[in-house]
$ cat coords14.txt   # compact mmCIF, C-alpha atoms and all ligand atoms
# COMPACT_ATOMS: atom_id res chain seq x y z
CA LEU A 709 161.79 -108.67 7.72
CA LYS A 710 158.70 -107.35 5.92
CA HIS A 711 160.24 -107.91 2.52
CA ALA A 712 161.95 -111.20 3.18
CA ALA A 713 162.23 -113.23 -0.01
CA PRO A 714 159.92 -116.23 -0.14
CA ALA A 715 161.68 -119.50 0.58
CA ALA A 716 163.03 -121.15 -2.56
CA LEU A 717 160.80 -123.88 -3.91
CA HIS A 718 161.61 -127.53 -4.30
CA VAL A 719 160.14 -128.66 -7.61
CA ALA A 720 160.34 -132.30 -8.68
CA ILE A 721 159.56 -133.46 -12.19
CA ILE A 722 158.69 -136.91 -13.55
CA MET A 723 159.95 -136.42 -17.09
CA ASP A 724 157.59 -138.75 -18.92
CA GLY A 725 156.50 -139.08 -22.54
CA ASN A 726 159.73 -139.17 -24.52
CA GLY A 727 158.83 -142.39 -26.29
CA ARG A 728 155.29 -141.36 -27.19
CA TRP A 729 156.52 -137.99 -28.44
CA ALA A 730 158.87 -139.74 -30.85
CA THR A 731 156.45 -142.47 -31.88
CA ALA A 732 153.83 -139.85 -32.77
CA ARG A 733 156.39 -138.37 -35.18
CA ALA A 734 157.32 -141.73 -36.68
CA MET A 735 160.73 -141.48 -35.03
CA PRO A 736 162.52 -144.07 -32.87
CA ARG A 737 162.06 -143.73 -29.11
CA SER A 738 165.72 -142.78 -28.89
CA ALA A 739 164.92 -139.52 -30.71
CA GLY A 740 162.49 -138.69 -27.91
CA HIS A 741 165.14 -139.29 -25.28
CA ARG A 742 167.59 -137.07 -27.16
CA GLN A 743 165.02 -134.31 -27.50
CA GLY A 744 164.17 -134.71 -23.80
CA ALA A 745 167.69 -133.61 -22.94
CA GLU A 746 166.86 -130.23 -24.52
CA SER A 747 163.91 -129.86 -22.16
CA VAL A 748 166.22 -130.55 -19.22
CA ARG A 749 168.50 -127.75 -20.40
CA ARG A 750 165.55 -125.34 -20.71
CA VAL A 751 164.06 -126.03 -17.28
CA VAL A 752 167.43 -125.90 -15.51
CA LYS A 753 168.10 -122.51 -17.08
CA ALA A 754 164.66 -121.14 -16.22
CA ALA A 755 164.37 -122.54 -12.68
CA PRO A 756 166.20 -119.89 -10.62
CA SER A 757 164.20 -116.97 -12.04
CA LEU A 758 160.99 -118.82 -11.11
CA GLY A 759 161.97 -119.03 -7.45
CA ILE A 760 163.08 -122.65 -7.62
CA GLY A 761 165.99 -123.46 -5.32
CA THR A 762 165.94 -127.24 -5.66
CA LEU A 763 164.98 -129.11 -8.81
CA THR A 764 164.78 -132.91 -8.71
CA LEU A 765 164.43 -134.66 -12.07
CA TYR A 766 163.40 -138.31 -12.46
CA ALA A 767 165.62 -139.58 -15.25
CA PHE A 768 165.64 -143.36 -14.75
CA SER A 769 163.63 -145.45 -12.31
CA SER A 770 164.84 -148.71 -10.85
CA ASP A 771 161.96 -150.31 -12.75
CA ASN A 772 163.25 -148.88 -16.04
CA TRP A 773 165.84 -151.70 -16.08
CA LYS A 774 162.94 -153.80 -17.37
CA ARG A 775 163.14 -152.01 -20.73
CA PRO A 776 164.91 -153.49 -23.75
CA PRO A 777 168.69 -153.51 -23.23
CA ARG A 778 169.20 -151.27 -26.26
CA GLU A 779 167.00 -148.53 -24.83
CA VAL A 780 168.63 -148.82 -21.42
CA ALA A 781 172.08 -148.60 -23.00
CA LEU A 782 171.11 -145.53 -24.99
CA LEU A 783 169.79 -143.78 -21.90
CA MET A 784 172.97 -144.57 -19.96
CA ARG A 785 175.09 -143.21 -22.82
CA LEU A 786 173.00 -140.04 -22.92
CA PHE A 787 173.39 -139.54 -19.16
CA ARG A 788 177.15 -139.90 -19.40
CA ALA A 789 177.50 -137.66 -22.45
CA HIS A 790 175.30 -134.89 -21.05
CA LEU A 791 176.87 -134.97 -17.61
CA ARG A 792 180.21 -134.38 -19.30
CA SER A 793 179.09 -131.79 -21.85
CA GLU A 794 176.87 -129.79 -19.48
CA THR A 795 179.22 -129.53 -16.50
CA PRO A 796 180.96 -126.31 -17.63
CA SER A 797 177.66 -124.50 -18.13
CA LEU A 798 176.37 -125.81 -14.78
CA VAL A 799 179.46 -124.39 -13.08
CA GLU A 800 179.10 -121.10 -14.94
CA ASN A 801 175.46 -120.79 -13.85
CA GLY A 802 176.07 -121.68 -10.20
CA VAL A 803 174.22 -124.98 -10.38
CA ARG A 804 175.16 -127.68 -7.87
CA LEU A 805 174.47 -131.13 -9.24
CA SER A 806 173.74 -134.22 -7.16
CA VAL A 807 172.72 -137.61 -8.44
CA ILE A 808 170.38 -139.64 -6.25
CA GLY A 809 169.68 -143.34 -6.57
CA ARG A 810 171.70 -146.54 -6.57
CA ARG A 811 175.15 -146.32 -8.07
CA ASP A 812 176.22 -149.93 -7.77
CA ARG A 813 174.39 -151.02 -10.92
CA LEU A 814 175.72 -148.18 -13.09
CA ALA A 815 178.67 -148.60 -15.44
CA LEU A 816 181.99 -147.43 -14.02
CA SER A 817 182.30 -144.79 -16.73
CA LEU A 818 178.93 -143.31 -15.78
CA ARG A 819 179.81 -143.40 -12.09
CA ALA A 820 183.01 -141.54 -12.87
CA ALA A 821 181.13 -138.92 -14.90
CA ILE A 822 178.71 -138.45 -11.99
CA THR A 823 181.49 -137.99 -9.45
CA GLU A 824 183.32 -135.54 -11.71
CA ALA A 825 180.18 -133.47 -12.31
CA GLU A 826 179.31 -133.46 -8.60
CA GLU A 827 182.79 -132.39 -7.61
CA ALA A 828 183.09 -129.72 -10.30
CA THR A 829 179.74 -128.18 -9.34
CA ALA A 830 180.02 -128.59 -5.56
CA HIS A 831 180.16 -124.85 -4.88
CA GLY A 832 177.13 -123.86 -6.94
CA SER A 833 174.63 -121.91 -4.87
CA THR A 834 172.03 -120.65 -7.35
CA LEU A 835 170.23 -123.94 -7.89
CA HIS A 836 170.52 -127.44 -6.44
CA LEU A 837 169.85 -129.78 -9.34
CA ARG A 838 169.22 -133.39 -8.34
CA LEU A 839 169.09 -136.06 -10.99
CA ALA A 840 167.45 -139.35 -10.02
CA ILE A 841 169.07 -142.31 -11.77
CA ASP A 842 168.30 -145.94 -10.79
CA TYR A 843 165.99 -144.42 -8.23
CA SER A 844 163.19 -146.13 -6.30
CA ALA A 845 161.51 -144.32 -3.44
CA ARG A 846 160.50 -147.59 -1.79
CA ASP A 847 164.02 -148.91 -1.96
CA ALA A 848 165.31 -145.67 -0.45
CA ILE A 849 162.82 -145.91 2.41
CA VAL A 850 163.66 -149.57 3.09
CA ARG A 851 167.37 -148.71 3.20
CA ALA A 852 166.81 -145.81 5.58
CA ALA A 853 164.66 -148.04 7.78
CA ALA A 854 167.48 -150.58 7.94
CA LEU A 855 169.94 -147.84 8.88
CA SER A 856 167.62 -146.59 11.60
CA ARG A 857 167.28 -149.99 13.27
CA GLY A 858 168.27 -149.81 16.89
CA ALA A 859 168.17 -146.02 16.93
CA GLY A 860 165.07 -146.09 19.09
CA GLU A 861 162.57 -143.31 18.66
CA MET A 862 163.42 -141.05 15.79
CA SER A 863 162.09 -137.72 14.60
CA ARG A 864 160.82 -137.29 11.07
CA GLU A 865 163.67 -134.89 10.42
CA ALA A 866 166.24 -137.44 11.57
CA PHE A 867 164.65 -140.11 9.40
CA ALA A 868 164.59 -137.73 6.42
CA ALA A 869 168.31 -137.15 6.90
CA LEU A 870 168.92 -140.92 6.97
CA LEU A 871 166.79 -141.30 3.87
CA ALA A 872 168.81 -138.73 1.96
CA GLY A 873 172.10 -140.18 3.14
CA ALA A 874 171.04 -143.75 2.43
CA TYR A 875 170.67 -143.00 -1.21
CA GLY A 876 173.87 -141.47 -2.40
CA SER A 877 172.77 -137.89 -2.05
CA ARG A 878 175.10 -135.51 -0.30
CA GLY A 879 173.07 -133.34 1.99
CA THR A 880 169.33 -133.42 2.50
CA ALA A 881 166.77 -131.62 0.39
CA PRO A 882 163.64 -129.94 1.64
CA ASP A 883 160.25 -131.60 1.14
CA VAL A 884 158.86 -131.30 -2.37
CA ASP A 885 156.58 -128.28 -2.82
CA LEU A 886 155.46 -128.99 -6.36
CA LEU A 887 155.54 -132.30 -8.22
CA ILE A 888 155.07 -132.10 -11.98
CA ARG A 889 154.52 -135.13 -14.21
CA THR A 890 154.48 -134.64 -17.97
CA GLY A 891 153.07 -137.12 -20.48
CA GLY A 892 149.50 -137.20 -19.20
CA GLU A 893 149.75 -140.15 -16.79
CA GLN A 894 148.57 -139.46 -13.26
CA ARG A 895 150.75 -141.64 -11.06
CA LEU A 896 153.93 -141.41 -9.03
CA SER A 897 155.82 -144.46 -10.37
CA ASP A 898 157.80 -144.88 -7.13
CA PHE A 899 159.17 -141.32 -7.05
CA MET A 900 159.82 -139.36 -3.84
CA LEU A 901 157.06 -141.03 -1.84
CA TRP A 902 158.26 -139.67 1.51
CA GLU A 903 159.27 -136.21 0.33
CA CYS A 904 155.97 -135.59 -1.48
CA ALA A 905 153.78 -136.02 1.62
CA TYR A 906 152.27 -132.53 1.13
CA ALA A 907 153.45 -131.74 -2.38
CA GLU A 908 151.06 -130.02 -4.75
CA LEU A 909 150.59 -132.24 -7.79
CA ALA A 910 150.56 -131.02 -11.38
CA PHE A 911 149.82 -133.51 -14.15
CA ARG A 912 150.58 -132.01 -17.54
CA ARG A 913 149.47 -133.19 -20.94
CA GLU A 914 152.66 -132.11 -22.72
CA MET A 915 155.13 -134.87 -23.52
CA TRP A 916 158.50 -134.19 -21.88
CA PRO A 917 160.30 -133.17 -25.12
CA GLU A 918 157.76 -130.37 -25.64
CA PHE A 919 157.95 -129.09 -22.06
CA ASP A 920 159.63 -125.68 -22.02
CA GLU A 921 160.21 -122.68 -19.76
CA GLY A 922 156.68 -121.44 -20.47
CA CYS A 923 155.17 -124.72 -19.26
CA LEU A 924 157.31 -124.57 -16.14
CA ALA A 925 156.32 -120.95 -15.47
CA ASP A 926 152.68 -121.98 -15.91
CA ALA A 927 152.98 -124.83 -13.44
CA VAL A 928 154.69 -122.58 -10.88
CA ALA A 929 152.05 -119.87 -11.30
CA ASP A 930 149.33 -122.47 -10.79
CA PHE A 931 151.16 -123.70 -7.68
CA HIS A 932 151.10 -120.16 -6.25
CA SER A 933 147.35 -119.96 -6.75
CA ARG A 934 146.77 -122.96 -4.50
CA GLN A 935 146.15 -122.84 -0.79
CA ARG A 936 148.32 -125.23 1.16
CA ARG A 937 146.82 -126.16 4.49
CA PHE A 938 148.97 -129.00 5.82
CA GLY A 939 145.96 -130.34 7.66
CA ALA A 940 145.14 -127.08 9.40
CA LEU A 941 142.16 -124.83 8.75
CA PRO A 942 142.15 -122.36 5.85
CA GLY A 943 143.90 -119.15 6.75
CA ALA A 944 145.49 -120.62 9.89
CA ARG A 945 149.13 -119.69 10.23
CA SER A 946 151.56 -122.30 11.44
CA ALA A 947 153.95 -121.16 14.14
C1 LIG A 1001 160.42 -140.94 -19.90
O1 LIG A 1001 159.84 -141.20 -21.12
C2 LIG A 1001 161.88 -141.27 -19.88
C3 LIG A 1001 162.21 -142.47 -19.11
C4 LIG A 1001 161.37 -143.19 -18.43
C5 LIG A 1001 163.60 -142.88 -19.11
P1 LIG A 1001 159.36 -142.65 -21.52
O2 LIG A 1001 160.50 -143.37 -22.14
O3 LIG A 1001 158.72 -143.34 -20.38
O4 LIG A 1001 158.28 -142.29 -22.62
P2 LIG A 1001 156.85 -142.93 -22.78
O5 LIG A 1001 156.15 -142.81 -21.46
O6 LIG A 1001 157.05 -144.35 -23.20
O7 LIG A 1001 156.20 -142.09 -23.84
C1 LIG A 1002 158.63 -142.88 -14.71
O1 LIG A 1002 158.18 -143.06 -16.02
C2 LIG A 1002 160.12 -142.86 -14.68
C3 LIG A 1002 160.76 -141.72 -15.33
C4 LIG A 1002 160.14 -140.73 -15.92
C5 LIG A 1002 162.18 -141.72 -15.28
P1 LIG A 1002 157.77 -144.51 -16.56
O2 LIG A 1002 157.39 -144.31 -17.97
O3 LIG A 1002 158.85 -145.49 -16.28
O4 LIG A 1002 156.53 -144.85 -15.63
P2 LIG A 1002 155.33 -145.87 -15.86
O5 LIG A 1002 155.92 -147.19 -16.27
O6 LIG A 1002 154.49 -145.30 -16.96
O7 LIG A 1002 154.61 -145.91 -14.56
MG MG A 1003 156.82 -143.42 -19.64

$ encode --input "coords14.txt" --output "structure tokens"
Amino acid sequence: LKHAAPAALHVAIIMDGNGRWATARAMPRSAGHRQGAESVRRVVKAAPSLGIGTLTLYAFSSDNWKRPPREVALLMRLFRAHLRSETPSLVENGVRLSVIGRRDRLALSLRAAITEAEEATAHGSTLHLRLAIDYSARDAIVRAAALSRGAGEMSREAFAALLAGAYGSRGTAPDVDLLIRTGGEQRLSDFMLWECAYAELAFRREMWPEFDEGCLADAVADFHSRQRRFGALPGARSA
């Protein structure tokens, strides 16, 4: 097993800065969201060759409902349109798509597009792409806690499985190895609070629409230069 391939990485991205990217170019915020979809295409295409096995993208937080109805409606239309138009290329590239988050507040047409995309891509094994829509990490944790009531003592692994199941995702995902946030802000905005317990954090200055495969490669290279200790001493090997 000397040359065993390194385990595939779980990279999660908070795709922030669409609005500011557009505003800086005297364009409406919607133009930033449209351009952001191009960045999604680029990172999904580049991910497998960078050793990424799971890619979780924060597309819409549960707090984003507080935005003006017009912006929310545009985002929802973009999600539906891109889910439909991208599904064939996801299938072709072996990408399995899952959507995580609440579904009960999404329009029926979007829910249908999600189900269709998930079913069409179910056999993809090159990359697990997880799109977070109407997602709140705290809400997910509260739901899992409610599900675990009465279960008595529970392992972290068992709770993680409940957490994944509680939130519409089929199958669990490994802990996040690398969390990237574009747009210059340095906060988590209620994203993957449990799964990021030991994630390496990368805050990037690029706005999401300008984030490309080179930026992703950079962030992954930087990740590989870090020493993860998980609370142990430097150089110590875990069993
Ligand atoms: C991220 O970009 C996309 C969503 C939150 C849906 P923003 O829309 O937050 O862009 P900024 O942060 O206002 O520039
Ligand atoms: C986080 O970005 C949510 C997504 C990128 C989908 P926000 O723009 O909503 O976060 P805050 O409001 O700056 O914390
Ligand atoms: Mg933002």

$ closest_residue --input "coords14.txt" --among "A:Cys923, A:Ile721, A:Glu794, A:Ile808" --to "A:Gly873" --atoms "all atoms listed in the file"
A:Ile808

$ closest_residue --input "coords14.txt" --among "A:Glu914, A:Asp920, A:Glu903, A:Glu908" --to "A:Arg846" --atoms "all atoms listed in the file"
A:Glu903

$ residues_around --input "coords14.txt" --residues "stretch 883-887 of chain A" --least-positions-apart "6" --cutoff "9 Å" --atoms "all atoms listed in the file" --output "PDB file with C-alpha atoms, in the frame of the given file"
ATOM      1  CA  LEU A 717     160.800-123.880  -3.910  1.00  0.00           C
ATOM      2  CA  HIS A 718     161.610-127.530  -4.300  1.00  0.00           C
ATOM      3  CA  VAL A 719     160.140-128.660  -7.610  1.00  0.00           C
ATOM      4  CA  ALA A 720     160.340-132.300  -8.680  1.00  0.00           C
ATOM      5  CA  ILE A 721     159.560-133.460 -12.190  1.00  0.00           C
ATOM      6  CA  ILE A 722     158.690-136.910 -13.550  1.00  0.00           C
ATOM      7  CA  THR A 762     165.940-127.240  -5.660  1.00  0.00           C
ATOM      8  CA  THR A 764     164.780-132.910  -8.710  1.00  0.00           C
ATOM      9  CA  MET A 900     159.820-139.360  -3.840  1.00  0.00           C
ATOM     10  CA  TRP A 902     158.260-139.670   1.510  1.00  0.00           C
ATOM     11  CA  GLU A 903     159.270-136.210   0.330  1.00  0.00           C
ATOM     12  CA  CYS A 904     155.970-135.590  -1.480  1.00  0.00           C
ATOM     13  CA  ALA A 905     153.780-136.020   1.620  1.00  0.00           C
ATOM     14  CA  TYR A 906     152.270-132.530   1.130  1.00  0.00           C
ATOM     15  CA  ALA A 907     153.450-131.740  -2.380  1.00  0.00           C
ATOM     16  CA  GLU A 908     151.060-130.020  -4.750  1.00  0.00           C
ATOM     17  CA  LEU A 909     150.590-132.240  -7.790  1.00  0.00           C
ATOM     18  CA  ALA A 910     150.560-131.020 -11.380  1.00  0.00           C
ATOM     19  CA  PHE A 911     149.820-133.510 -14.150  1.00  0.00           C
ATOM     20  CA  ALA A 927     152.980-124.830 -13.440  1.00  0.00           C
ATOM     21  CA  VAL A 928     154.690-122.580 -10.880  1.00  0.00           C
ATOM     22  CA  PHE A 931     151.160-123.700  -7.680  1.00  0.00           C
TER      23      PHE A 931
END

$ closest_atom_pairs --input "coords14.txt" --of "chain A" --to "ligand LIG 1002 (chain A)" --cutoff "10 Å" --atoms "all atoms listed in the file" --output "tab-separated table"
residue	atom	partner	partner_atom	distance
A:Ile721	CA	A:LIG1002	C4	8.2
A:Ile722	CA	A:LIG1002	C4	4.7
A:Met723	CA	A:LIG1002	C4	4.5
A:Asp724	CA	A:LIG1002	C4	4.4
A:Gly725	CA	A:LIG1002	O2	7.0
A:Asn726	CA	A:LIG1002	O2	8.6
A:Gly727	CA	A:LIG1002	O2	8.7
A:Arg728	CA	A:LIG1002	O2	9.9
A:Leu765	CA	A:LIG1002	C5	8.1
A:Tyr766	CA	A:LIG1002	C5	4.6
A:Ala767	CA	A:LIG1002	C5	4.1
A:Phe768	CA	A:LIG1002	C5	3.9
A:Ser769	CA	A:LIG1002	C2	5.0
A:Ser770	CA	A:LIG1002	C2	8.4
A:Asp771	CA	A:LIG1002	O3	6.7
A:Asn772	CA	A:LIG1002	O3	5.6
A:Trp773	CA	A:LIG1002	O3	9.4
A:Lys774	CA	A:LIG1002	O3	9.3
A:Arg775	CA	A:LIG1002	O3	9.0
A:Leu839	CA	A:LIG1002	C5	9.9
A:Ala840	CA	A:LIG1002	C5	7.8
A:Ile841	CA	A:LIG1002	C5	7.8
A:Asp842	CA	A:LIG1002	C5	8.7
A:Tyr843	CA	A:LIG1002	C5	8.5
A:Ser844	CA	A:LIG1002	C2	9.5
A:Arg889	CA	A:LIG1002	C4	8.1
A:Thr890	CA	A:LIG1002	C4	8.6
A:Gly891	CA	A:LIG1002	O2	8.8
A:Gly892	CA	A:LIG1002	O6	9.8
A:Glu893	CA	A:LIG1002	O6	7.0
A:Gln894	CA	A:LIG1002	O7	8.9
A:Arg895	CA	A:LIG1002	O7	6.7
A:Leu896	CA	A:LIG1002	O7	7.2
A:Ser897	CA	A:LIG1002	O7	4.6
A:Asp898	CA	A:LIG1002	C1	7.9
A:Phe899	CA	A:LIG1002	C1	7.8
A:Trp916	CA	A:LIG1002	C4	9.0

$ closest_residue --input "coords14.txt" --among "A:Arg838, A:Arg913, A:His831, A:Arg811" --to "ligand LIG 1001 (chain A)" --atoms "all atoms listed in the file"
A:Arg913

$ atom_distance --input "coords14.txt" --atom1 "atom CA of A:Leu837" --atom2 "atom CA of A:Glu746"
15.5 Å

$ atom_distance --input "coords14.txt" --atom1 "atom CA of A:Ala874" --atom2 "atom CA of A:Ala848"
6.7 Å

$ closest_residue --input "coords14.txt" --among "A:Ser833, A:Pro917, A:Ala789, A:Leu855" --to "ligand LIG 1001 (chain A)" --atoms "only C-alpha atoms and all ligand atoms"
A:Pro917

$ closest_residue --input "coords14.txt" --among "A:Ala730, A:Ala820, A:Ala853, A:Leu835" --to "ligand MG 1003 (chain A)" --atoms "all atoms listed in the file"
A:Ala730

$ closest_residue --input "coords14.txt" --among "A:Ser806, A:Asp812, A:Ala716, A:Ile822" --to "A:Ile760" --atoms "all atoms listed in the file"
A:Ala716

$ atom_distance --input "coords14.txt" --atom1 "atom CA of A:Arg749" --atom2 "atom C5 of ligand LIG 1001 (chain A)"
16.0 Å

$ residues_near_point --input "coords14.txt" --point "(173.5, -142.0, -21.5)" --cutoff "12 Å" --atoms "all atoms listed in the file" --output "VMD selection string"
chain A and resid 738 741 to 742 745 767 to 768 778 to 793 814 to 815 817 to 819 821 to 822 841

$ write_last_selection --input "coords14.txt" --atoms "C-alpha atoms" --output "PDB file, keeping the file's coordinate frame"
ATOM      1  CA  SER A 738     165.720-142.780 -28.890  1.00  0.00           C
ATOM      2  CA  HIS A 741     165.140-139.290 -25.280  1.00  0.00           C
ATOM      3  CA  ARG A 742     167.590-137.070 -27.160  1.00  0.00           C
ATOM      4  CA  ALA A 745     167.690-133.610 -22.940  1.00  0.00           C
ATOM      5  CA  ALA A 767     165.620-139.580 -15.250  1.00  0.00           C
ATOM      6  CA  PHE A 768     165.640-143.360 -14.750  1.00  0.00           C
ATOM      7  CA  ARG A 778     169.200-151.270 -26.260  1.00  0.00           C
ATOM      8  CA  GLU A 779     167.000-148.530 -24.830  1.00  0.00           C
ATOM      9  CA  VAL A 780     168.630-148.820 -21.420  1.00  0.00           C
ATOM     10  CA  ALA A 781     172.080-148.600 -23.000  1.00  0.00           C
ATOM     11  CA  LEU A 782     171.110-145.530 -24.990  1.00  0.00           C
ATOM     12  CA  LEU A 783     169.790-143.780 -21.900  1.00  0.00           C
ATOM     13  CA  MET A 784     172.970-144.570 -19.960  1.00  0.00           C
ATOM     14  CA  ARG A 785     175.090-143.210 -22.820  1.00  0.00           C
ATOM     15  CA  LEU A 786     173.000-140.040 -22.920  1.00  0.00           C
ATOM     16  CA  PHE A 787     173.390-139.540 -19.160  1.00  0.00           C
ATOM     17  CA  ARG A 788     177.150-139.900 -19.400  1.00  0.00           C
ATOM     18  CA  ALA A 789     177.500-137.660 -22.450  1.00  0.00           C
ATOM     19  CA  HIS A 790     175.300-134.890 -21.050  1.00  0.00           C
ATOM     20  CA  LEU A 791     176.870-134.970 -17.610  1.00  0.00           C
ATOM     21  CA  ARG A 792     180.210-134.380 -19.300  1.00  0.00           C
ATOM     22  CA  SER A 793     179.090-131.790 -21.850  1.00  0.00           C
ATOM     23  CA  LEU A 814     175.720-148.180 -13.090  1.00  0.00           C
ATOM     24  CA  ALA A 815     178.670-148.600 -15.440  1.00  0.00           C
ATOM     25  CA  SER A 817     182.300-144.790 -16.730  1.00  0.00           C
ATOM     26  CA  LEU A 818     178.930-143.310 -15.780  1.00  0.00           C
ATOM     27  CA  ARG A 819     179.810-143.400 -12.090  1.00  0.00           C
ATOM     28  CA  ALA A 821     181.130-138.920 -14.900  1.00  0.00           C
ATOM     29  CA  ILE A 822     178.710-138.450 -11.990  1.00  0.00           C
ATOM     30  CA  ILE A 841     169.070-142.310 -11.770  1.00  0.00           C
TER      31      ILE A 841
END

$ residues_near_point --input "coords14.txt" --point "(162.1, -139.4, 3.9)" --cutoff "8 Å" --atoms "only C-alpha atoms" --output "MDAnalysis selection string"
chainID A and resid 849 864 867:872 901:903

$ write_last_selection --input "coords14.txt" --atoms "C-alpha atoms" --output "PDB file, keeping the file's coordinate frame"
ATOM      1  CA  ILE A 849     162.820-145.910   2.410  1.00  0.00           C
ATOM      2  CA  ARG A 864     160.820-137.290  11.070  1.00  0.00           C
ATOM      3  CA  PHE A 867     164.650-140.110   9.400  1.00  0.00           C
ATOM      4  CA  ALA A 868     164.590-137.730   6.420  1.00  0.00           C
ATOM      5  CA  ALA A 869     168.310-137.150   6.900  1.00  0.00           C
ATOM      6  CA  LEU A 870     168.920-140.920   6.970  1.00  0.00           C
ATOM      7  CA  LEU A 871     166.790-141.300   3.870  1.00  0.00           C
ATOM      8  CA  ALA A 872     168.810-138.730   1.960  1.00  0.00           C
ATOM      9  CA  LEU A 901     157.060-141.030  -1.840  1.00  0.00           C
ATOM     10  CA  TRP A 902     158.260-139.670   1.510  1.00  0.00           C
ATOM     11  CA  GLU A 903     159.270-136.210   0.330  1.00  0.00           C
TER      12      GLU A 903
END
